[in-house]
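Encoded as structure tokens, the structure appears first; notes follow it.
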Amino acid sequence: MDTGPPSYLVLLGVKAEKLKGHLDLLLLSVLSRGPGHGYEVITRLKVRSDGAFQLPEGTVYPALHRLEGAGLLASGWDVVAGRRRRIYHLTMAGEAALAEQAAQWQEFSGSMTRVLGAAVGPALATAGGMA
Amino acid sequence: MSGGTSDAPTDLIEDYLDRLLVSLSGSPRQVRHTLAEVEAHLRDAEAEGIAAGLPEETAQVQALERIGPVHAVTGRPAGLVRPSAALLRRLTLTAALIGGAGFVAIGGAGLVGRLLQVLKGNLFMTTPFPPGTYTQADCARWLAGDPGTRSCVTAMLADHAFDYLLQATACGLLGLAGLAAYLFLRRRWSDRATATALPAGAAEGLGAILAGIAAVACFGQVVDLETVQRGIGVGEPLSLGIAAAVAAGAFAFALWHRLRTVRMRTT
């Protein structure tokens with residue numbers, strides 16, 4: 001039974017349920033800009049979302065491990081700033097998965113925008129008029 | 001920075017990593033890698049806090065708040081975390097201690113039983129089978145084992161009492177082997193993760209409860225036999241009850257000692 005969204009979906013300013021299932025896409029997207037370790041991935045995620053995505057940072061690791069297990073990421077160890085770190089990078093399969101998921105998301109969000117645009121426009125105008 | 005002070009008692013990150021270690025499952029390599037990864041993450045976050053002007057402890061608290069609870073890193077709800085290797089080791093130690101001590105207690109019951117047999121005789125020790133439930137061949141076998149008597153019932157009682165003492169002795173030897181295994185494994189698994197996988201005194205507390213229940217059950221049977229059978233066959237449950245009560249007392253003392261040691265260490 002699905003009792004609610006996982007904790008990693010509790011994102012600041014965004015209702016968790018709406019983002020369910022999109023962490024993988026976010027991580028693949030962040031790593032498509034270049035390899036990085038866990039802390040770096042989280043930092044990039046925050047920066048690229050203008051601080052909107054504040055998630056319990058620990059939840060990124062099981063997601064990274066799952067993506068690696070699925071062959072979408074690969075990792076290796078390196079010493080960065082004096083600390084031994086696991087650096088993740090996208091595999092060919094990861095790039096393909098990112099392209100596919102990004103396309104699906106854009107199609108979905110485009111449809112949502114079109115539907116909402118039609119309904120929200122008059123509503124906003126009404127709200128503006130009342131104010 | 002406190003990255004190198006692995007044994008510092010106030011290092012909150014070390015405590016978090018200890019909890020993470022005992023909660024992680026997977027191959028030893030996966031566990032090591034995740035632990036190293038998360039430690040690097042926490043030290044980065046701590047360094048970021050310190051660079052922003054926070055005191056070390058506050059920076060650690062902030063780093064831990066940001067990473068979230070241990071089950072967030074393991075990827076499973078806290079209630080569904082599979083037993084870690086450390087927990088399995090600790091459970092094995094607990095089973096060896098309680099099982100070993102329990103079997104030794106049964107061996108002790110055999111000694112008490114032998115004393116009662118000498119003092120009160122076989123009829124006090126064990127209950128004879130009701131007439132009609134055994135054959136002539138059974139009688140012949142019991143009489144062959146006790147050539148000094150011509151009574152089938154007397155020979156039967158001697159045989160039953162002997163069996164009880166023999167089985168108790170075997171249990172005692174098995175218990176000693178269990179305790180030897182416990183001591184061997186405890187020395188082998190002396191790491192902190194194993195020691196903290198269960199609360200301090202868990203094995204002693206469980207042992208005291210189980211032995212206490214066994215003692216109550218045995219003494220209840222003694223009362224029942226004393227009332228219904230006028231003391232016939234009381235010896236077996238009485239000896240087991242005495243041994244179980246002694247074991248419960250020993251476990252309770254060990255529990256008190258363990259908790260007192262822990263309290264003294266923390267104050």
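Labels for the structure tokens follow display order: chains A, B, ..., residues from 1 in each chain, ligands from 1.
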Please provide the set of residues having any atom within 10 Å of segment 32-49 of chain A, restricted to only C-alpha atoms, with same-chain residues fewer than 2 positions apart removed, written as an MDAnalysis selection string. (chainID A and resid 26:30 51:58 60:61 64 73:78 80 85:91 94:95 98) or (chainID B and resid 37:38 40:42 44:45)
Could you please select, counting only C-alpha atoms, the residues of chain B within 10 Å of chain A and state them as a list in words?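 Therefore, the residues near the partner are Gln30, His33, Thr34, Ala36, Glu37, Val38, Glu39, Ala40, His41, Leu42, Arg43, Asp44, Ala45, Ala63, Leu64, Glu65, Arg66, Ile67, Gly68, Pro69, Val70, His71, Ala72, Val73, Thr74, Gly75, Arg76 and Pro77 of chain B.
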List the spatial neighbours of Ala252 of chain B as a list in words - criterion: any atom at most 10 Å away, only C-alpha atoms, same-chain residues fewer than 2 positions off excluded. Gly201, Glu204, Gly205, Leu206, Gly207, Ala208, Ile209, Ala211, Gly212, Val246, Ala247, Ala248, Gly249, Ala250, Ala254, Leu255, Trp256, His257 and Arg258 of chain B
Name the residues of segment 76-109 of chain A that fall into helix (DSSP H, G or I) according to DSSP on the backbone, using the chain letters and numbers of this document, as a VMD selection string. chain A and resid 92 to 109
Residues near Leu238 of chain B, anyone? I mean within 9 Å using only C-alpha atoms, not counting same-chain ones fewer than 6 positions away, as a count of residues only. 8
If I take atom CA of Ile242 of chain B and atom CA of Phe124 of chain B, how far is one from the other in Å, to one decimal?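 Atom-to-atom, atom CA of Ile242 of chain B to atom CA of Phe124 of chain B, that is 15.5 Å.
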Which is closest to Gly110 of chain B among B:Thr133, B:Gln167, B:Gln229, B:Thr92, if we use only C-alpha atoms?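 Checking each of B:Thr133, B:Gln167, B:Gln229, B:Thr92 against Gly110 of chain B, counting only C-alpha atoms, the winner is B:Gln167.
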